[in-house]
Amino acid sequence: MKPEDIIDSMNNLDEKTIADTQKFRKKKKNKTWIKWVAVAACFCIIVGAMLGHFHFNPPQGNDPTVENTQLHTQNPVMKSNALTTAVYPKMVQYPIETDFDNGNGELDWRAYSEALDKWSEDFEQRSANVAQASKYSRFFTSTIKTFFADTKGENLVYSPVNVYMALCMLAESTDGQTRKEILDLLGANSINDVRTLANKLWLSNYSDDGIKTNVLANSVWLRDGIDYNKSTLNLLAEKYYASAFSGVMGSEEYNKALQSWLNEQTGGLLKEQANEVEFNRSTVLGLASSVYFKASWHNEFYEHLTKPDTFRGTKGEETVDFMHQRMTGSPLYTDDNYTATSLSFKNSGKMWLILPDEDTSPENLIKNGDINPILNGTTPKNTHDNIIVNMYMPKFDVASSMDLINNIKKLGVSDVFDEAKADFTPIMPNQSAFVNQISHSARVTVDEKGCTAAAFTYIGVDTEGMIVGEEVDFRLNRPFIFVITSDDSTPLFVGIVNTIK
Amino acid sequence: MEDSKIVELYWERDESAISQTQLKYEKYLSKIAYNILADLEDSRESVNDTYLRAWYSIPPQKPAILSAFLSKITRNISIDLYRKKTTKKRVGSEYAISLDELYDCTSNEGSPEKEADAKALSSAINSFVSSLPEEQKNIFVCRYFYFDSVRDIAGFTGSSESKVKSILHRTRLSLKEYLEKEELI
């Protein structure tokens, strides 16, 4: 036997093993990684160049390194398209002990406690902005019921708050019956209602103080050369903290700007999904919303207690890592068809965990409205307080993408999708348009330390029978005039060309 | 795009199957081809051939794990190409180096392979690999399936290159023992 025989027979290796090892290959653990990435980056650039499709512009001259591939990527592109950038409220940062060294390697208690007081004061003020979940509950429960009706046994992640925000902006951009249908879905009586609720929701969810990061970001994507109503854009900036961009729809550059925005706002968690979102050449307006959430568990799990165990999922048994924690003081809730408990995050928020009884399924619970109390911010039927919960929770990382158009149609919204009926006059007074795309992607990961999650919604508003694909020859093959102007429109040169030679 | 969707595209004879595959797996496949061929032109050729071969084999096939399915094709094509062009000097091909390493676990007598033997060898190697502890298995598959360099592997594991080398050495010795026990060498 020769070494080649072993190599050849390795080609019949079990595909699961190959795929598992690929997951392992994607892990990058220590500093050798940096070198490896640099090598891989060079490799990709060369291969990319040969194949003629770049993902970024390679810097000229020197060998590209990790740093400059990062810097030279999307940001400049985004900047060149930016009209206005939303300004978020300032937030006092939670003090970090190591920043308060008194010079002798000891903690400067006085300065530290002062900083802590400042943070608590700010935190309390912020807590006053609480949005009342009940006001949004109709939207949340109806969309959840519809979106989760048919999971086909796949994982599905949906961010209600994210889709809510996107639809609020859509309501602001429309009028008449088109708007009314959206307001009905949002469970609001008037556009003023929506505006107040959305603003509250934004403020109550905004946190960037070093311990909890949660931002609902919004943006509006305009098409060069179309008239937009300034006051509507201002309103979106003010109430929804929406940044505005303008560019050439369907161009690679503008697509990249949108993808970079989505990618940045979701902390790189939805890279693959973000790169699939593109403008059409007929797009006249894009509305994008995102949410990024990262928080530590109030009680972190001990890593040494994490052990492999069996998860019996829709695709059979899987051996996965289960985290373990003995929880005292966390109530357990029981209802007719499920048991539930929750894990708190540091300072605010929690993750509910709902386990359906053996004879039912998550889809059924949602379909029958069994978990509505939890979604509406109340608690389930029976609470068991004096109980110790031995929590075994698999580490997970789930993501999904869905096209929401059909589901939203099922919820009674139709005009906005109909070119003949959709009314976009509040934002584009002179332009017929309709919604052609609503894509929603979300991802949630949990581990011993906490939870990281992100979602985005992109609404693409297109037009028909205009601009699209139209090409005009502009051939300067007879005498013509030229004018060269400066930035402030001063004509620098004017001329007539009657002959070339 | 999800793998199942891409496979559907192949089944529907939709040519965007290839561009979607390219979009998702180009980097992954190029790395394998390059590890074997150590030549960018050749790697490119072999990755492009991979798409073509996938196009003609799905259907009838319906790969459950598309990445693994594709990686096998690229690996096969690249090794064939390597063998065809042996005259060309392959500086730094991880494939060439790993071949040398595998002399550790083969016998000196060159026995002509029959198809039945090849099958037996494949299933022996499969059960050997699956019997290995997690980390050792990953390292072995990285080295002899993906032909990753020892340095790359050290990066994945977060340990030193010498530790990876010694794990590989140990694994090769136990593979030899195993093959002897199975009377394959």
# chains A, B, ... in the order shown; residues from 1 in each chain; ligands from 1

call {"tool": "select_by_dssp", "arguments": {"residues": "chain B", "states": "alpha helix (DSSP H)", "output": "number ranges by chain"}}
result
B: 3-11, 16-37, 40-57, 66-84, 94-101, 115-131, 134-144, 150-157, 161-181

call {"tool": "write_last_selection", "arguments": {"atoms": "C-alpha atoms", "output": "tab-separated table (two decimals), in the first residue's frame"}}
result
chain	number	residue	atom	x	y	z
B	3	ASP	CA	-27.82	24.74	0.96
B	4	SER	CA	-31.16	23.03	0.46
B	5	LYS	CA	-32.25	25.94	-1.75
B	6	ILE	CA	-29.07	25.75	-3.80
B	7	VAL	CA	-29.55	22.01	-4.28
B	8	GLU	CA	-33.13	22.72	-5.38
B	9	LEU	CA	-31.77	25.11	-8.01
B	10	TYR	CA	-29.57	22.32	-9.36
B	11	TRP	CA	-32.55	20.03	-9.50
B	16	SER	CA	-27.95	30.37	-10.91
B	17	ALA	CA	-27.19	27.23	-8.87
B	18	ILE	CA	-23.60	27.63	-9.99
B	19	SER	CA	-23.29	31.31	-9.14
B	20	GLN	CA	-24.91	30.71	-5.76
B	21	THR	CA	-22.48	27.88	-5.10
B	22	GLN	CA	-19.63	30.10	-6.16
B	23	LEU	CA	-20.80	32.90	-3.91
B	24	LYS	CA	-20.99	30.67	-0.88
B	25	TYR	CA	-18.19	28.18	-1.33
B	26	GLU	CA	-15.55	29.73	-3.59
B	27	LYS	CA	-13.26	30.61	-0.71
B	28	TYR	CA	-13.71	27.27	1.02
B	29	LEU	CA	-13.01	25.26	-2.14
B	30	SER	CA	-10.14	27.46	-3.32
B	31	LYS	CA	-8.33	26.86	-0.06
B	32	ILE	CA	-8.57	23.08	-0.49
B	33	ALA	CA	-7.42	23.25	-4.11
B	34	TYR	CA	-4.55	25.51	-3.21
B	35	ASN	CA	-3.42	23.26	-0.36
B	36	ILE	CA	-3.07	20.46	-2.89
B	37	LEU	CA	-1.80	22.30	-5.93
B	40	LEU	CA	-3.30	29.71	-8.17
B	41	GLU	CA	-3.96	29.07	-11.86
B	42	ASP	CA	-4.42	25.37	-11.27
B	43	SER	CA	-6.55	25.95	-8.18
B	44	ARG	CA	-8.85	28.15	-10.15
B	45	GLU	CA	-9.17	25.52	-12.86
B	46	SER	CA	-9.96	22.84	-10.37
B	47	VAL	CA	-12.55	24.92	-8.52
B	48	ASN	CA	-14.27	25.81	-11.79
B	49	ASP	CA	-14.32	22.13	-12.75
B	50	THR	CA	-15.92	21.44	-9.40
B	51	TYR	CA	-18.94	23.59	-10.29
B	52	LEU	CA	-19.25	21.85	-13.62
B	53	ARG	CA	-19.06	18.40	-12.09
B	54	ALA	CA	-21.60	19.38	-9.45
B	55	TRP	CA	-23.92	20.58	-12.23
B	56	TYR	CA	-23.76	17.19	-13.92
B	57	SER	CA	-24.03	15.08	-10.79
B	66	LEU	CA	-23.41	20.42	0.18
B	67	SER	CA	-20.10	21.74	1.51
B	68	ALA	CA	-18.76	18.24	2.14
B	69	PHE	CA	-20.05	17.03	-1.19
B	70	LEU	CA	-18.31	19.86	-3.04
B	71	SER	CA	-15.13	19.56	-1.03
B	72	LYS	CA	-14.79	15.92	-2.10
B	73	ILE	CA	-15.12	16.89	-5.74
B	74	THR	CA	-12.54	19.64	-5.46
B	75	ARG	CA	-10.22	17.37	-3.57
B	76	ASN	CA	-10.53	14.64	-6.19
B	77	ILE	CA	-10.04	16.94	-9.16
B	78	SER	CA	-7.10	18.69	-7.56
B	79	ILE	CA	-5.33	15.45	-6.68
B	80	ASP	CA	-5.87	14.15	-10.22
B	81	LEU	CA	-4.52	17.36	-11.63
B	82	TYR	CA	-1.55	17.16	-9.32
B	83	ARG	CA	-0.78	13.64	-10.47
B	84	LYS	CA	-1.14	14.58	-14.12
B	94	GLU	CA	0.67	20.68	1.66
B	95	TYR	CA	-0.57	17.66	-0.22
B	96	ALA	CA	2.96	16.70	-1.23
B	97	ILE	CA	4.21	17.08	2.32
B	98	SER	CA	1.37	15.09	3.80
B	99	LEU	CA	2.03	12.28	1.35
B	100	ASP	CA	5.55	12.00	2.73
B	101	GLU	CA	4.20	11.94	6.26
B	115	GLU	CA	-11.44	-2.44	-5.94
B	116	ALA	CA	-12.59	-4.60	-3.06
B	117	ASP	CA	-9.46	-3.66	-1.12
B	118	ALA	CA	-10.02	0.00	-1.77
B	119	LYS	CA	-13.51	-0.30	-0.33
B	120	ALA	CA	-12.25	-2.15	2.71
B	121	LEU	CA	-9.61	0.51	3.23
B	122	SER	CA	-12.17	3.31	2.99
B	123	SER	CA	-14.45	1.77	5.56
B	124	ALA	CA	-11.49	0.99	7.83
B	125	ILE	CA	-10.34	4.59	7.67
B	126	ASN	CA	-13.84	5.83	8.32
B	127	SER	CA	-14.20	3.77	11.45
B	128	PHE	CA	-10.67	4.65	12.55
B	129	VAL	CA	-11.41	8.37	12.18
B	130	SER	CA	-14.73	8.17	13.96
B	131	SER	CA	-13.10	6.34	16.86
B	134	GLU	CA	-12.79	15.02	19.05
B	135	GLU	CA	-9.68	17.16	18.83
B	136	GLN	CA	-7.47	14.45	17.41
B	137	LYS	CA	-10.12	13.68	14.81
B	138	ASN	CA	-10.39	17.31	13.76
B	139	ILE	CA	-6.65	17.66	13.46
B	140	PHE	CA	-6.33	14.47	11.45
B	141	VAL	CA	-9.11	15.44	9.03
B	142	CYS	CA	-7.71	18.96	8.66
B	143	ARG	CA	-4.37	17.52	7.71
B	144	TYR	CA	-5.28	14.60	5.47
B	150	VAL	CA	0.44	22.41	10.55
B	151	ARG	CA	0.59	26.12	11.13
B	152	ASP	CA	-3.02	26.65	10.09
B	153	ILE	CA	-4.12	23.80	12.32
B	154	ALA	CA	-2.21	25.24	15.28
B	155	GLY	CA	-4.23	28.39	14.63
B	156	PHE	CA	-7.52	26.49	14.78
B	157	THR	CA	-6.67	24.65	17.99
B	161	GLU	CA	2.77	23.78	16.02
B	162	SER	CA	4.89	21.22	17.82
B	163	LYS	CA	1.87	19.97	19.72
B	164	VAL	CA	-0.06	19.57	16.47
B	165	LYS	CA	2.89	17.74	14.93
B	166	SER	CA	3.11	15.32	17.80
B	167	ILE	CA	-0.66	14.65	17.77
B	168	LEU	CA	-0.42	13.94	14.04
B	169	HIS	CA	2.54	11.66	14.56
B	170	ARG	CA	0.72	9.72	17.28
B	171	THR	CA	-2.38	9.44	15.13
B	172	ARG	CA	-0.41	8.07	12.19
B	173	LEU	CA	1.16	5.43	14.40
B	174	SER	CA	-2.19	4.30	15.71
B	175	LEU	CA	-3.55	4.28	12.15
B	176	LYS	CA	-0.72	1.95	11.21
B	177	GLU	CA	-1.50	-0.33	14.11
B	178	TYR	CA	-5.14	-0.29	13.20
B	179	LEU	CA	-4.49	-1.13	9.56
B	180	GLU	CA	-2.19	-3.97	10.58
B	181	LYS	CA	-4.83	-5.34	12.89

call {"tool": "residues_around", "arguments": {"residues": "stretch 149-165 of chain A", "least_positions_apart": "4", "cutoff": "7 Å", "atoms": "only C-alpha atoms", "output": "number ranges by chain"}}
result
A: 140, 145, 169, 198, 289-291, 314, 363, 367, 398-400, 442-443, 455-457

call {"tool": "closest_residue", "arguments": {"among": "A:Lys271, A:Arg110, A:Lys421, A:Lys200", "to": "chain B", "atoms": "only C-alpha atoms"}}
result
A:Lys271

call {"tool": "atom_distance", "arguments": {"atom1": "atom CA of A:Val277", "atom2": "atom CA of A:Leu262"}}
result
9.1 Å

call {"tool": "residues_around", "arguments": {"residues": "A:Ser432", "least_positions_apart": "4", "cutoff": "9 Å", "atoms": "only C-alpha atoms", "output": "VMD selection string"}}
result
chain A and resid 419 to 420 422 to 425 428 462 to 464

call {"tool": "closest_residue", "arguments": {"among": "A:Val444, A:Met1, A:Leu287, A:Leu332", "to": "A:Thr266", "atoms": "only C-alpha atoms"}}
result
A:Val444

call {"tool": "atom_distance", "arguments": {"atom1": "atom CA of A:Glu181", "atom2": "atom CA of A:Leu411"}}
result
9.3 Å

call {"tool": "closest_residue", "arguments": {"among": "B:Phe147, B:Arg13, B:Lys85, B:Ile65", "to": "chain A", "atoms": "only C-alpha atoms"}}
result
B:Ile65

call {"tool": "select_by_dssp", "arguments": {"residues": "stretch 165-347 of chain A", "states": "strand (DSSP E or B)", "output": "PyMOL selection string"}}
result
chain A and resi 207-208+213-223+242-247+283-297+307-313+316-328+332-335+338-345

call {"tool": "residues_around", "arguments": {"residues": "A:Leu365", "least_positions_apart": "6", "cutoff": "9 Å", "atoms": "only C-alpha atoms", "output": "MDAnalysis selection string"}}
result
chainID A and resid 337:338 356 371
